[in-house]
$ cat start_25.cif   # mmCIF, C-alpha atoms and all ligand atoms
data_entry
#
loop_
_atom_site.label_atom_id
_atom_site.label_comp_id
_atom_site.auth_asym_id
_atom_site.auth_seq_id
_atom_site.Cartn_x
_atom_site.Cartn_y
_atom_site.Cartn_z
CA MET A 1 52.32 17.05 -161.87
CA PRO A 2 48.70 15.84 -161.72
CA ARG A 3 46.40 17.23 -164.38
CA LEU A 4 43.77 19.70 -163.27
CA SER A 5 40.28 19.89 -164.68
CA HIS A 6 40.21 21.68 -168.03
CA LYS A 7 37.86 24.30 -166.60
CA ASP A 8 39.22 27.53 -165.14
CA SER A 9 37.24 27.12 -161.96
CA GLU A 10 35.31 24.32 -160.40
CA SER A 11 32.83 24.12 -157.53
CA VAL A 12 32.90 21.47 -154.83
CA GLY A 13 29.72 19.89 -156.25
CA ALA A 14 31.14 19.78 -159.78
CA ALA A 15 34.38 18.24 -158.51
CA ILE A 16 32.41 15.53 -156.73
CA GLU A 17 30.53 14.66 -159.92
CA ARG A 18 33.76 14.64 -161.96
CA CYS A 19 35.59 12.44 -159.43
CA ALA A 20 32.61 10.06 -159.18
CA ALA A 21 32.68 9.62 -162.96
CA ALA A 22 36.45 8.99 -162.87
CA LEU A 23 36.06 6.39 -160.09
CA ARG A 24 33.36 4.60 -162.10
CA ARG A 25 35.52 4.66 -165.25
CA ALA A 26 38.48 3.22 -163.32
CA ARG A 27 36.19 0.45 -162.01
CA VAL A 28 37.48 0.76 -158.49
CA HIS A 29 35.69 -1.36 -155.88
CA PHE A 30 33.44 0.41 -153.36
CA GLY A 31 33.25 -1.45 -150.10
CA HIS A 32 35.43 0.36 -147.62
CA GLY A 33 33.11 2.73 -145.82
CA THR A 34 31.12 3.81 -148.88
CA ASP A 35 29.24 1.65 -151.37
CA ASN A 36 28.99 3.97 -154.37
CA ALA A 37 31.04 6.35 -156.50
CA ARG A 38 29.33 9.54 -155.41
CA ASP A 39 29.79 9.02 -151.68
CA GLU A 40 33.43 8.07 -152.13
CA ALA A 41 33.98 11.10 -154.39
CA ALA A 42 32.41 13.35 -151.75
CA GLU A 43 34.84 12.09 -149.10
CA LEU A 44 37.75 12.44 -151.54
CA VAL A 45 36.84 16.06 -152.32
CA PHE A 46 35.95 17.09 -148.76
CA PHE A 47 39.15 15.56 -147.40
CA SER A 48 41.36 17.16 -150.07
CA ALA A 49 39.67 20.55 -149.80
CA ARG A 50 39.70 20.30 -145.97
CA ILE A 51 35.96 20.84 -145.71
CA ASP A 52 34.09 19.47 -142.72
CA HIS A 53 31.41 16.90 -143.65
CA ARG A 54 29.04 18.68 -141.29
CA GLU A 55 28.81 21.42 -143.94
CA GLY A 56 27.27 18.81 -146.25
CA ALA A 57 25.60 19.99 -149.44
CA GLY A 58 25.92 23.57 -148.16
CA ALA A 59 29.55 23.47 -149.35
CA TYR A 60 28.75 22.31 -152.91
CA GLY A 61 28.57 25.82 -154.35
CA ARG A 62 32.01 26.86 -153.09
CA VAL A 63 34.66 27.48 -155.71
CA LEU A 64 37.81 25.40 -155.17
CA THR A 65 41.23 27.02 -155.03
CA GLN A 66 44.09 25.85 -157.24
CA ALA A 67 45.73 24.15 -154.25
CA GLN A 68 42.53 22.29 -153.39
CA ARG A 69 42.10 21.15 -156.99
CA ARG A 70 45.68 19.95 -157.10
CA ARG A 71 45.20 17.88 -153.93
CA ILE A 72 41.96 16.41 -155.31
CA ALA A 73 43.69 15.43 -158.56
CA GLU A 74 46.59 13.82 -156.70
CA LEU A 75 44.33 11.80 -154.37
CA LEU A 76 42.11 10.69 -157.26
CA ARG A 77 45.20 9.55 -159.17
CA GLN A 78 46.51 7.58 -156.17
CA ARG A 79 43.14 5.93 -155.54
CA THR A 80 42.51 4.84 -159.13
CA ARG A 81 46.08 3.69 -159.87
CA SER A 82 46.95 1.92 -156.63
CA ARG A 83 43.48 0.55 -155.80
CA ILE A 84 44.31 1.33 -152.17
CA PRO A 85 41.03 1.87 -150.25
CA LEU A 86 40.44 5.60 -149.81
CA PRO A 87 40.49 5.50 -145.96
CA TYR A 88 44.09 4.24 -146.01
CA LEU A 89 45.06 7.21 -148.19
CA THR A 90 43.24 9.77 -146.04
CA ARG A 91 44.09 7.94 -142.78
CA ARG A 92 40.52 8.37 -141.58
CA ALA A 93 37.27 6.43 -141.51
CA PHE A 94 33.79 7.28 -140.28
CA PHE A 95 31.95 4.72 -138.19
CA ALA A 96 28.76 5.12 -136.17
CA GLY A 97 29.20 8.88 -136.34
CA LEU A 98 32.79 8.71 -135.06
CA GLU A 99 35.90 9.75 -136.95
CA LEU A 100 38.64 7.16 -136.49
CA TYR A 101 42.30 6.96 -137.44
CA VAL A 102 43.01 4.00 -139.75
CA ASP A 103 45.98 2.61 -141.64
CA GLU A 104 46.89 -0.73 -143.22
CA ARG A 105 47.38 -2.39 -139.82
CA VAL A 106 43.60 -2.60 -139.39
CA LEU A 107 40.58 -3.45 -141.47
CA VAL A 108 38.67 -0.40 -142.70
CA PRO A 109 35.68 -0.30 -140.30
CA ARG A 110 32.36 -0.96 -142.03
CA SER A 111 30.47 -3.41 -139.84
CA PRO A 112 26.66 -3.20 -139.81
CA ILE A 113 27.03 -3.72 -136.05
CA ALA A 114 27.42 0.11 -136.04
CA GLU A 115 23.65 0.42 -136.41
CA LEU A 116 22.91 -2.03 -133.59
CA ALA A 117 25.34 -0.15 -131.33
CA LEU A 118 23.75 3.21 -132.22
CA ASN A 119 20.41 1.64 -131.24
CA ARG A 120 22.03 0.47 -127.97
CA PHE A 121 21.19 -3.12 -128.95
CA GLU A 122 17.54 -2.48 -128.21
CA PRO A 123 15.14 -4.27 -128.08
CA TRP A 124 17.36 -7.25 -127.18
CA VAL A 125 19.09 -5.49 -124.29
CA GLU A 126 18.01 -3.15 -121.51
CA PRO A 127 20.63 -0.42 -122.05
CA ALA A 128 20.53 0.90 -118.46
CA HIS A 129 21.67 -2.52 -117.21
CA VAL A 130 24.70 -2.87 -119.46
CA ARG A 131 27.93 -2.60 -117.46
CA ARG A 132 30.46 -4.70 -119.36
CA ILE A 133 30.95 -5.26 -123.08
CA LEU A 134 33.57 -7.37 -124.84
CA ASP A 135 34.65 -6.76 -128.45
CA VAL A 136 36.52 -9.78 -129.87
CA GLY A 137 38.77 -8.84 -132.82
CA THR A 138 38.55 -5.10 -132.30
CA GLY A 139 40.90 -3.93 -135.08
CA SER A 140 40.75 -0.12 -135.10
CA GLY A 141 38.49 -0.30 -132.03
CA ALA A 142 35.53 0.85 -134.10
CA ILE A 143 32.84 -1.38 -132.59
CA ALA A 144 34.22 -1.12 -129.05
CA LEU A 145 34.24 2.67 -129.28
CA ALA A 146 30.78 2.87 -130.83
CA CYS A 147 29.49 0.72 -127.96
CA ALA A 148 31.20 2.89 -125.35
CA LYS A 149 29.71 6.05 -126.88
CA ALA A 150 26.22 4.58 -127.11
CA LEU A 151 26.25 3.04 -123.62
CA PRO A 152 27.99 5.57 -121.37
CA ARG A 153 27.73 3.45 -118.22
CA ALA A 154 29.50 0.49 -119.79
CA ARG A 155 33.16 -0.52 -119.72
CA VAL A 156 34.46 -2.18 -122.86
CA ASP A 157 37.30 -4.68 -123.26
CA ALA A 158 38.67 -4.48 -126.81
CA LEU A 159 40.58 -7.64 -127.74
CA ASP A 160 42.75 -8.40 -130.72
CA VAL A 161 45.46 -10.96 -131.39
CA SER A 162 47.38 -8.45 -133.54
CA PRO A 163 49.69 -6.06 -131.62
CA ALA A 164 49.77 -3.83 -134.71
CA ALA A 165 45.98 -3.52 -134.74
CA LEU A 166 45.96 -2.81 -131.00
CA ALA A 167 48.36 0.10 -131.52
CA VAL A 168 45.77 1.67 -133.85
CA CYS A 169 42.97 0.85 -131.42
CA ARG A 170 44.85 2.56 -128.56
CA ARG A 171 45.34 5.63 -130.71
CA ASN A 172 41.59 5.80 -131.37
CA VAL A 173 40.73 5.25 -127.71
CA ARG A 174 42.92 8.26 -126.86
CA LYS A 175 41.58 10.31 -129.78
CA LEU A 176 38.00 9.82 -128.54
CA ARG A 177 39.03 10.31 -124.90
CA LEU A 178 37.66 6.96 -123.81
CA THR A 179 40.74 5.61 -122.01
CA SER A 180 38.82 5.34 -118.72
CA ARG A 181 36.21 3.00 -120.21
CA VAL A 182 37.75 1.18 -123.17
CA GLU A 183 40.65 -1.18 -122.54
CA PRO A 184 42.56 -2.65 -125.49
CA LEU A 185 44.03 -6.08 -124.68
CA ARG A 186 46.07 -8.58 -126.64
CA SER A 187 44.23 -11.86 -126.72
CA ASP A 188 43.73 -14.87 -128.96
CA HIS A 189 39.94 -14.87 -128.88
CA PHE A 190 38.97 -15.18 -125.17
CA ALA A 191 42.38 -16.39 -123.91
CA ALA A 192 43.17 -13.22 -121.88
CA VAL A 193 39.68 -12.68 -120.48
CA GLY A 194 40.04 -14.62 -117.24
CA ARG A 195 36.95 -14.77 -115.03
CA ARG A 196 35.23 -11.64 -116.29
CA ARG A 197 31.61 -11.90 -117.47
CA TYR A 198 29.90 -9.57 -119.93
CA ASP A 199 26.40 -8.29 -120.65
CA ILE A 200 27.20 -8.12 -124.37
CA ILE A 201 29.89 -9.82 -126.45
CA VAL A 202 30.27 -8.28 -129.92
CA SER A 203 32.50 -9.50 -132.69
CA ASN A 204 33.21 -8.86 -136.32
CA PRO A 205 35.68 -11.73 -136.67
CA PRO A 206 37.48 -12.78 -139.84
CA TYR A 207 34.98 -14.85 -141.85
CA VAL A 208 36.13 -15.09 -145.46
CA GLY A 209 36.60 -18.59 -146.86
CA ALA A 210 39.73 -19.62 -148.80
CA ARG A 211 38.09 -19.65 -152.22
CA GLU A 212 36.37 -16.31 -151.66
CA MET A 213 39.70 -14.79 -150.50
CA ARG A 214 41.23 -15.60 -153.91
CA GLY A 215 38.41 -13.82 -155.73
CA LEU A 216 38.38 -10.54 -153.76
CA PRO A 217 38.90 -7.23 -155.62
CA PRO A 218 42.44 -5.75 -155.36
CA GLU A 219 41.38 -3.26 -152.65
CA TYR A 220 41.16 -6.11 -150.12
CA SER A 221 44.81 -7.10 -150.63
CA HIS A 222 45.75 -3.90 -148.79
CA GLU A 223 43.88 -5.04 -145.68
CA PRO A 224 45.49 -7.38 -143.12
CA ALA A 225 44.68 -10.98 -144.13
CA LEU A 226 44.33 -11.75 -140.41
CA GLY A 227 41.23 -9.57 -140.43
CA LEU A 228 39.61 -11.40 -143.33
CA ALA A 229 40.66 -15.04 -143.78
CA SER A 230 39.43 -17.74 -141.42
CA GLY A 231 40.12 -21.22 -142.75
CA VAL A 232 38.70 -23.12 -145.68
CA ASP A 233 35.03 -22.32 -145.06
CA GLY A 234 35.61 -18.98 -143.28
CA LEU A 235 34.18 -20.23 -140.00
CA ASN A 236 37.26 -21.01 -137.87
CA SER A 237 36.92 -17.89 -135.75
CA VAL A 238 33.12 -18.10 -135.59
CA ARG A 239 33.37 -21.71 -134.34
CA THR A 240 35.73 -20.65 -131.54
CA ILE A 241 33.40 -17.83 -130.53
CA LEU A 242 30.31 -20.07 -130.53
CA ALA A 243 32.11 -22.75 -128.54
CA SER A 244 33.30 -20.36 -125.79
CA ALA A 245 31.03 -17.31 -125.58
CA ALA A 246 28.57 -18.83 -123.07
CA ARG A 247 31.38 -19.03 -120.49
CA TYR A 248 31.94 -15.27 -120.70
CA LEU A 249 28.35 -14.03 -120.79
CA ARG A 250 26.28 -13.10 -117.75
CA PRO A 251 22.85 -14.72 -117.45
CA GLY A 252 20.61 -12.92 -119.92
CA GLY A 253 23.69 -11.70 -121.85
CA LEU A 254 23.76 -11.27 -125.62
CA LEU A 255 26.22 -12.46 -128.28
CA VAL A 256 26.37 -10.32 -131.44
CA VAL A 257 28.48 -11.61 -134.36
CA GLU A 258 28.91 -10.41 -137.94
CA VAL A 259 29.37 -13.22 -140.44
CA GLY A 260 28.46 -11.36 -143.67
CA ASN A 261 27.88 -13.64 -146.60
CA SER A 262 29.03 -16.65 -144.55
CA GLU A 263 25.48 -16.60 -143.13
CA GLY A 264 24.49 -19.67 -145.19
CA ALA A 265 27.57 -21.61 -144.03
CA VAL A 266 26.75 -20.72 -140.39
CA LEU A 267 23.16 -21.93 -140.76
CA ARG A 268 24.33 -25.21 -142.30
CA ALA A 269 26.95 -25.75 -139.59
CA TYR A 270 24.59 -24.92 -136.68
CA PRO A 271 21.08 -25.97 -137.74
CA ARG A 272 19.81 -26.16 -134.15
CA LEU A 273 20.93 -22.77 -132.84
CA PRO A 274 18.04 -20.23 -132.61
CA PHE A 275 19.86 -17.38 -134.38
CA ILE A 276 18.18 -13.98 -134.63
CA TRP A 277 19.20 -12.08 -137.80
CA PRO A 278 18.24 -8.43 -137.22
CA GLU A 279 17.31 -6.24 -140.15
CA ILE A 280 19.89 -3.53 -140.73
CA ALA A 281 18.34 -0.38 -142.19
CA MET A 282 21.70 1.09 -143.29
CA GLY A 283 22.25 -1.91 -145.54
CA GLY A 284 24.51 -4.91 -145.13
CA GLY A 285 23.41 -7.74 -142.92
CA GLY A 286 24.72 -11.13 -141.95
CA VAL A 287 24.78 -10.29 -138.23
CA PHE A 288 23.39 -12.84 -135.79
CA LEU A 289 22.32 -12.52 -132.17
CA LEU A 290 22.16 -15.32 -129.61
CA ARG A 291 21.21 -15.23 -125.96
CA ALA A 292 23.51 -16.75 -123.34
CA GLU A 293 20.83 -19.29 -122.47
CA ASP A 294 20.53 -20.49 -126.08
CA LEU A 295 24.30 -20.96 -126.30
CA GLU A 296 24.41 -22.93 -123.05
CA GLU A 297 21.63 -25.26 -124.12
CA SER A 298 23.34 -26.01 -127.40
CA GLY A 299 26.85 -26.28 -125.92
C1 LIG A 301 37.07 -8.38 -139.61
S1 LIG A 301 38.31 -7.63 -138.63
C2 LIG A 301 37.27 -6.57 -137.66
C3 LIG A 301 37.94 -5.39 -137.05
C4 LIG A 301 36.96 -4.43 -136.35
N1 LIG A 301 36.24 -5.10 -135.29
C5 LIG A 301 35.99 -3.84 -137.35
O1 LIG A 301 34.82 -4.23 -137.35
O2 LIG A 301 36.40 -2.98 -138.15
C6 LIG A 301 38.75 -8.94 -137.55
C7 LIG A 301 39.76 -8.63 -136.48
O3 LIG A 301 39.97 -9.83 -135.72
C8 LIG A 301 41.32 -9.94 -135.40
N2 LIG A 301 41.60 -11.36 -135.14
C9 LIG A 301 41.88 -12.34 -136.04
N3 LIG A 301 42.10 -13.50 -135.40
C10 LIG A 301 41.95 -13.26 -134.08
C11 LIG A 301 42.07 -14.07 -132.90
N4 LIG A 301 42.40 -15.36 -132.98
N5 LIG A 301 41.86 -13.49 -131.70
C12 LIG A 301 41.54 -12.17 -131.61
N6 LIG A 301 41.43 -11.36 -132.68
C13 LIG A 301 41.63 -11.89 -133.90
C14 LIG A 301 42.06 -9.35 -136.57
O4 LIG A 301 43.36 -8.94 -136.20
C15 LIG A 301 41.13 -8.21 -136.96
O5 LIG A 301 41.51 -7.02 -136.33
#
$ encode --input "start_25.cif" --output "structure tokens" --more "lines below"
Ligand SMILES: C[S@@+](CC[C@H](N)C(=O)[O-])C[C@H]1O[C@@H](n2cnc3c(N)ncnc32)[C@H](O)[C@@H]1O
Amino acid sequence: MPRLSHKDSESVGAAIERCAAALRRARVHFGHGTDNARDEAAELVFFSARIDHREGAGAYGRVLTQAQRRRIAELLRQRTRSRIPLPYLTRRAFFAGLELYVDERVLVPRSPIAELALNRFEPWVEPAHVRRILDVGTGSGAIALACAKALPRARVDALDVSPAALAVCRRNVRKLRLTSRVEPLRSDHFAAVGRRRYDIIVSNPPYVGAREMRGLPPEYSHEPALGLASGVDGLNSVRTILASAARYLRPGGLLVVEVGNSEGAVLRAYPRLPFIWPEIAMGGGGVFLLRAEDLEESG
């Protein structure tokens, strides 16, 4: 039986502080939807106590029941012992204001592309003109769904090579009632696209190099390697996207790709491409933009 706090009663706020301290002591890695102990502890406590995040700090003064405290203790124990990312234990992740279902078939969504989607890709795109969006390597469907929510006149094709990931994506498309506008499709990169052309192509492809893969914290071993690893230098998938995207973009279309800390490798491999690297206020970065015309000229 998991141990409860030694105190007779505990508030939500106190439980968050206690769990944050325990997460820090256990030296778990934060990188799966939250980037610090306190935020992860808040999700752990809110999930276990079944409190809606919309209540926010207003819930901190509430006194937890014995059952809530027991669930918190059990989840904290699982997280610190197994090093499984918290969203796989709770089966939920928050992305661009959406609550998504996740499990170990998909990467935990955390792409900074969320912010660009929330901003409707302005100022690089005229949102009213966007009709078709393609998400290459959709995983849980996070980016595709964020785009569909932000741009309600757009249809989104959500591609992934992994049938297991697509099953999760379909579940999220249904959960968010976007089946009429978001279509999950099995495809090795652009292979299943046919003659369709898009106003925006977004992708958070796998981009971790072989050496970096070996050094990742244990949390990442619970994610599908297909979502992370991409050859020796991490650029296999990015190269395929850069070589083909122009063919699938409409004139004036925009390519948006996350490459994280492979940014330096991308710049060395493509010194002549006029990449735009937008600032991401929420943190993170390593996302480049390219216009269809710039891709064509370099291709
Ligand atoms: C980094 S994950 C991103 C998932 C999701 N877009 C997100 O941001 O959370 C990369 C995704 O690309 C998929 N993928 C890997 N190789 C692929 C390929 N050749 N064609 C299409 N998708 C691929 C993986 O299955 C994985 O779901």
$ residues_around --input "start_25.cif" --residues "Ala148 in chain A" --least-positions-apart "6" --cutoff "10 Å" --atoms "only C-alpha atoms" --output "number ranges by chain"
A: 117, 120, 132-133, 142, 154-157, 178, 181-182
$ residues_near_ligand --input "start_25.cif" --ligand "ligand LIG 301 (chain A)" --cutoff "8 Å" --atoms "only C-alpha atoms and all ligand atoms" --output "number ranges by chain"
A: 106-111, 113, 135-144, 159-162, 165, 186-190, 203-207, 224, 226-228, 230, 237
$ axis_aligned_box --input "start_25.cif" --around "range 67-80 of chain A" --padding-each-side "4 Å" --output "AutoDock Vina command-line options"
--center_x 44.3 --center_y 14.5 --center_z -156.3 --size_x 12.6 --size_y 27.3 --size_z 13.8
$ atom_distance --input "start_25.cif" --atom1 "CA of Val256 in chain A" --atom2 "CA of Arg91 in chain A"
27.9 Å
$ atom_distance --input "start_25.cif" --atom1 "CA of Pro85 in chain A" --atom2 "CA of Glu258 in chain A"
21.2 Å
$ atom_distance --input "start_25.cif" --atom1 "CA of Val12 in chain A" --atom2 "CA of Tyr101 in chain A"
24.5 Å
$ closest_residue --input "start_25.cif" --among "A:Asp8, A:Glu43, A:Glu115, A:Asp103" --to "Leu64 in chain A" --atoms "only C-alpha atoms"
A:Asp8
$ closest_residue --input "start_25.cif" --among "A:Gly33, A:Ile201, A:Gln66, A:Arg153" --to "Gly97 in chain A" --atoms "only C-alpha atoms"
A:Gly33
$ residues_around --input "start_25.cif" --residues "Ser9 in chain A" --least-positions-apart "5" --cutoff "12 Å" --atoms "all atoms listed in the file" --output "ChimeraX atom specification"
/A:4,14-15,61-69
$ closest_residue --input "start_25.cif" --among "A:Gly286, A:Pro152, A:Pro163, A:Pro218" --to "Gly264 in chain A" --atoms "only C-alpha atoms"
A:Gly286
$ closest_residue --input "start_25.cif" --among "A:Arg247, A:Arg54, A:Arg239, A:Leu166" --to "Val193 in chain A" --atoms "all atoms listed in the file"
A:Arg247
$ closest_residue --input "start_25.cif" --among "A:Gly252, A:Leu242, A:Ala164, A:Arg81" --to "Val125 in chain A" --atoms "only C-alpha atoms"
A:Gly252
$ closest_residue --input "start_25.cif" --among "A:Leu176, A:Leu116, A:Leu23, A:Ala59" --to "Ala73 in chain A" --atoms "all atoms listed in the file"
A:Leu23
$ residues_around --input "start_25.cif" --residues "Ala229 in chain A" --least-positions-apart "3" --cutoff "9 Å" --atoms "all atoms listed in the file" --output "list in words"
Pro206, Tyr207, Val208, Gly209, Ala210, Met213, Ala225, Leu226, Val232 and Gly234 of chain A
$ build_atoms --input "start_25.cif" --residues "range 48-58 of chain A" --atoms "all heavy atoms" --output "PDB file, in the frame of the given file"
ATOM      1  N   SER A  48      40.305  16.408-149.364  1.00  0.00           N
ATOM      2  CA  SER A  48      41.360  17.160-150.070  1.00  0.00           C
ATOM      3  C   SER A  48      41.184  18.665-149.897  1.00  0.00           C
ATOM      4  O   SER A  48      42.161  19.410-149.783  1.00  0.00           O
ATOM      5  CB  SER A  48      41.333  16.843-151.572  1.00  0.00           C
ATOM      6  OG  SER A  48      41.394  15.469-151.779  1.00  0.00           O
ATOM      7  N   ALA A  49      39.932  19.109-149.898  1.00  0.00           N
ATOM      8  CA  ALA A  49      39.670  20.550-149.800  1.00  0.00           C
ATOM      9  C   ALA A  49      39.589  21.005-148.337  1.00  0.00           C
ATOM     10  O   ALA A  49      39.390  22.190-148.072  1.00  0.00           O
ATOM     11  CB  ALA A  49      38.367  20.886-150.523  1.00  0.00           C
ATOM     12  N   ARG A  50      39.750  20.029-147.422  1.00  0.00           N
ATOM     13  CA  ARG A  50      39.700  20.300-145.970  1.00  0.00           C
ATOM     14  C   ARG A  50      38.385  20.957-145.568  1.00  0.00           C
ATOM     15  O   ARG A  50      38.354  21.985-144.869  1.00  0.00           O
ATOM     16  CB  ARG A  50      40.913  21.150-145.550  1.00  0.00           C
ATOM     17  CG  ARG A  50      42.182  20.353-145.797  1.00  0.00           C
ATOM     18  CD  ARG A  50      43.454  21.116-145.557  1.00  0.00           C
ATOM     19  NE  ARG A  50      44.585  20.311-146.015  1.00  0.00           N
ATOM     20  CZ  ARG A  50      45.746  20.784-146.403  1.00  0.00           C
ATOM     21  NH1 ARG A  50      45.973  22.079-146.391  1.00  0.00           N
ATOM     22  NH2 ARG A  50      46.706  19.975-146.805  1.00  0.00           N
ATOM     23  N   ILE A  51      37.308  20.364-146.060  1.00  0.00           N
ATOM     24  CA  ILE A  51      35.960  20.840-145.710  1.00  0.00           C
ATOM     25  C   ILE A  51      35.359  19.823-144.749  1.00  0.00           C
ATOM     26  O   ILE A  51      35.493  18.611-144.945  1.00  0.00           O
ATOM     27  CB  ILE A  51      35.061  20.959-146.972  1.00  0.00           C
ATOM     28  CG1 ILE A  51      35.669  21.946-147.961  1.00  0.00           C
ATOM     29  CG2 ILE A  51      33.645  21.389-146.586  1.00  0.00           C
ATOM     30  CD1 ILE A  51      34.981  21.938-149.330  1.00  0.00           C
ATOM     31  N   ASP A  52      34.714  20.329-143.718  1.00  0.00           N
ATOM     32  CA  ASP A  52      34.090  19.470-142.720  1.00  0.00           C
ATOM     33  C   ASP A  52      32.807  18.864-143.302  1.00  0.00           C
ATOM     34  O   ASP A  52      32.002  19.577-143.895  1.00  0.00           O
ATOM     35  CB  ASP A  52      33.747  20.322-141.486  1.00  0.00           C
ATOM     36  CG  ASP A  52      33.413  19.466-140.278  1.00  0.00           C
ATOM     37  OD1 ASP A  52      32.598  18.536-140.428  1.00  0.00           O
ATOM     38  OD2 ASP A  52      33.963  19.746-139.196  1.00  0.00           O
ATOM     39  N   HIS A  53      32.620  17.545-143.114  1.00  0.00           N
ATOM     40  CA  HIS A  53      31.410  16.900-143.650  1.00  0.00           C
ATOM     41  C   HIS A  53      30.135  17.483-143.064  1.00  0.00           C
ATOM     42  O   HIS A  53      29.069  17.362-143.663  1.00  0.00           O
ATOM     43  CB  HIS A  53      31.452  15.382-143.390  1.00  0.00           C
ATOM     44  CG  HIS A  53      32.219  14.628-144.437  1.00  0.00           C
ATOM     45  ND1 HIS A  53      31.761  14.472-145.719  1.00  0.00           N
ATOM     46  CD2 HIS A  53      33.423  14.015-144.387  1.00  0.00           C
ATOM     47  CE1 HIS A  53      32.644  13.780-146.428  1.00  0.00           C
ATOM     48  NE2 HIS A  53      33.664  13.495-145.642  1.00  0.00           N
ATOM     49  N   ARG A  54      30.258  18.089-141.875  1.00  0.00           N
ATOM     50  CA  ARG A  54      29.040  18.680-141.290  1.00  0.00           C
ATOM     51  C   ARG A  54      28.464  19.786-142.154  1.00  0.00           C
ATOM     52  O   ARG A  54      27.293  20.107-142.078  1.00  0.00           O
ATOM     53  CB  ARG A  54      29.326  19.186-139.866  1.00  0.00           C
ATOM     54  CG  ARG A  54      29.315  18.045-138.858  1.00  0.00           C
ATOM     55  CD  ARG A  54      29.759  18.513-137.517  1.00  0.00           C
ATOM     56  NE  ARG A  54      31.150  18.975-137.565  1.00  0.00           N
ATOM     57  CZ  ARG A  54      31.908  19.170-136.496  1.00  0.00           C
ATOM     58  NH1 ARG A  54      31.423  18.978-135.304  1.00  0.00           N
ATOM     59  NH2 ARG A  54      33.162  19.570-136.616  1.00  0.00           N
ATOM     60  N   GLU A  55      29.316  20.388-143.017  1.00  0.00           N
ATOM     61  CA  GLU A  55      28.810  21.420-143.940  1.00  0.00           C
ATOM     62  C   GLU A  55      27.898  20.804-145.008  1.00  0.00           C
ATOM     63  O   GLU A  55      27.051  21.481-145.587  1.00  0.00           O
ATOM     64  CB  GLU A  55      29.965  22.139-144.620  1.00  0.00           C
ATOM     65  CG  GLU A  55      30.639  23.157-143.732  1.00  0.00           C
ATOM     66  CD  GLU A  55      31.525  24.062-144.556  1.00  0.00           C
ATOM     67  OE1 GLU A  55      31.091  24.570-145.605  1.00  0.00           O
ATOM     68  OE2 GLU A  55      32.681  24.248-144.133  1.00  0.00           O
ATOM     69  N   GLY A  56      28.121  19.539-145.314  1.00  0.00           N
ATOM     70  CA  GLY A  56      27.270  18.810-146.250  1.00  0.00           C
ATOM     71  C   GLY A  56      27.100  19.521-147.583  1.00  0.00           C
ATOM     72  O   GLY A  56      28.019  20.178-148.083  1.00  0.00           O
ATOM     73  N   ALA A  57      25.875  19.422-148.118  1.00  0.00           N
ATOM     74  CA  ALA A  57      25.600  19.990-149.440  1.00  0.00           C
ATOM     75  C   ALA A  57      25.736  21.511-149.439  1.00  0.00           C
ATOM     76  O   ALA A  57      25.876  22.129-150.506  1.00  0.00           O
ATOM     77  CB  ALA A  57      24.210  19.584-149.892  1.00  0.00           C
ATOM     78  N   GLY A  58      25.731  22.118-148.254  1.00  0.00           N
ATOM     79  CA  GLY A  58      25.920  23.570-148.160  1.00  0.00           C
ATOM     80  C   GLY A  58      27.254  24.018-148.743  1.00  0.00           C
ATOM     81  O   GLY A  58      27.420  25.183-149.120  1.00  0.00           O
TER      82      GLY A  58
END
